[in-house]
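*Asks:* Questions regarding the structure given below will be posed in turn.
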Amino acid sequence: MLKVENLHVEVGGKEVLHGVNLAIGEGETHVLMGPNGSGKTTLLRAIMGFGNYDITEGRILFKGHDVTTVPMHERARYGMGLMFQRPPTISGLKLGKLLTAMSGVHPEKIYEHAESMKMTDFLERDINANFSGGEIKRSEVLQLMVQQPDFVMLDEPESGVDLENIALIGNAIARLVEKDRHIVKRQKSGLVITHTGYILDYLEADAGHMLCDGEIRCKGNAREILKVIQERGYKECIECTKI
């Protein structure tokens with residue numbers, strides 16, 4: 001589904017990613033962990049094609065095609081979707097209008113998705129205007145449910161969310177990446193950034209990665225990596241990779 005090869009990315013003239021390699025197969029969901037400022041969000045935005053994230057070396061392959069220089073809207077059409085950690089407020093644009101424009105499905109289906117995310121009362125409101133943290137996250141997941149991308153990227157879906165909303169969001173994300181289907185029938189893939197690991201209570205990851213100082217230092221079982229980080233911190237986790 002996705003292959004990142006020797007990716008170097010600059011933001012504002014400063015190199016943030018220093019040769020990242022990552023491969024995610026069809027039907028796989030991977031988790032990305034790492035300290036603040038390590039480059040996790042930069043990686044997701046570079047994959048999605050944000051214009052101010054300059055790829056100076058390496059390439060991004062999606063479904064076997066080189067999309068390194070493909071604009072963001074084309075990547076979305078190819079099947080990429082992104083959930084922001086802190087999405088902007090969009091005044092003057094109703095959430096329902098956005099969902100209708102991006103979906104092409106019958107309005108009743110949009111309403112069903114909105115109902116499942118407890119967002120029906122928000123369809124006539126400006127996007128994210130005076131939304132709480134949990135409401136913003138539910139709105140982001142709802143947009144992905146309507147878009148139905150083949151590859152979903154989620155930037156800290158559990159941050160700023162209470163336990164009730166985490167359960168709702170976590171179960172919805174699991175459905176987005178087809179965790180409710182048998183493993184051999186899954187076609188959708190995902191990459192999830194997490195700090196707390198709460199999302200793993202609802203989403204079984206196929207692999208975990210630890211990103212530090214713009215490099216992926218470790219790959220393995222997501223829960224095991226998270227346990228080491230929780231018990232010993234990132235420093236010892238990084239030291240372990242040097243042995």
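Simple scheme: letters A, B, ... for chains in structure tokens order, numbers from 1 for residues in each chain, numbers from 1 for ligands in the order shown.
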Quick one: residues within 6 Å of Glu156 of chain A, only C-alpha atoms counted, chain neighbours fewer than 6 positions away excluded, as a PyMOL selection string?

*Replies:* chain A and resi 85+193-194

*Asks:* List every residue of segment 72-162 of chain A that DSSP, applied to the backbone of this structure, assigns to strand (DSSP E), and report them as a list in words.

*Replies:*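 So the strand (DSSP E) residues in segment 72-162 of chain A would be Met80, Gly81, Leu82, Met83, Ile90, Ser91, Gly92, Leu93, Lys94, Asp126, Ile127, Phe151, Val152, Met153, Leu154 and Asp155 of chain A.
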
*Asks:* Looking at A:Thr196, A:Ser159, A:Asn171, A:Asn165, which one is nearest to Arg138 of chain A, with distances taken over only C-alpha atoms?

*Replies:* A:Asn165

*Asks:* What does the distance between atom CA of Ser103 of chain A and atom CA of Ala174 of chain A come to in Å, to one decimal place?

*Replies:*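 Atom CA of Ala174 of chain A lies at a distance of 20.1 Å from atom CA of Ser103 of chain A.
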
*Asks:* One decimal, Å: what's the distance from atom CA of Lys227 of chain A over to atom CA of Arg45 of chain A, could you say?

*Replies:* 27.0 Å

*Asks:* Excluding same-chain residues fewer than 5 positions from Glu74 of chain A, what lies within 10 Å of it counting only C-alpha atoms, as a list in words?

*Replies:*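 Once the adjacent positions are removed, what remains is Met48, Gly49, Val67, Gly79 and Met80 of chain A.
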
*Asks:* Atoms to include: C-alpha atoms. Write the selected residues as an mmCIF file, in the first residue's frame.

*Replies:*
data_model
loop_
_atom_site.group_PDB
_atom_site.id
_atom_site.type_symbol
_atom_site.label_atom_id
_atom_site.label_comp_id
_atom_site.auth_asym_id
_atom_site.auth_seq_id
_atom_site.Cartn_x
_atom_site.Cartn_y
_atom_site.Cartn_z
ATOM 1 C CA MET A 48 -0.120 13.506 2.339
ATOM 2 C CA GLY A 49 1.663 16.113 0.202
ATOM 3 C CA VAL A 67 3.570 10.103 -5.684
ATOM 4 C CA GLY A 79 -7.123 6.955 -1.690
ATOM 5 C CA MET A 80 -5.166 8.772 1.045
#
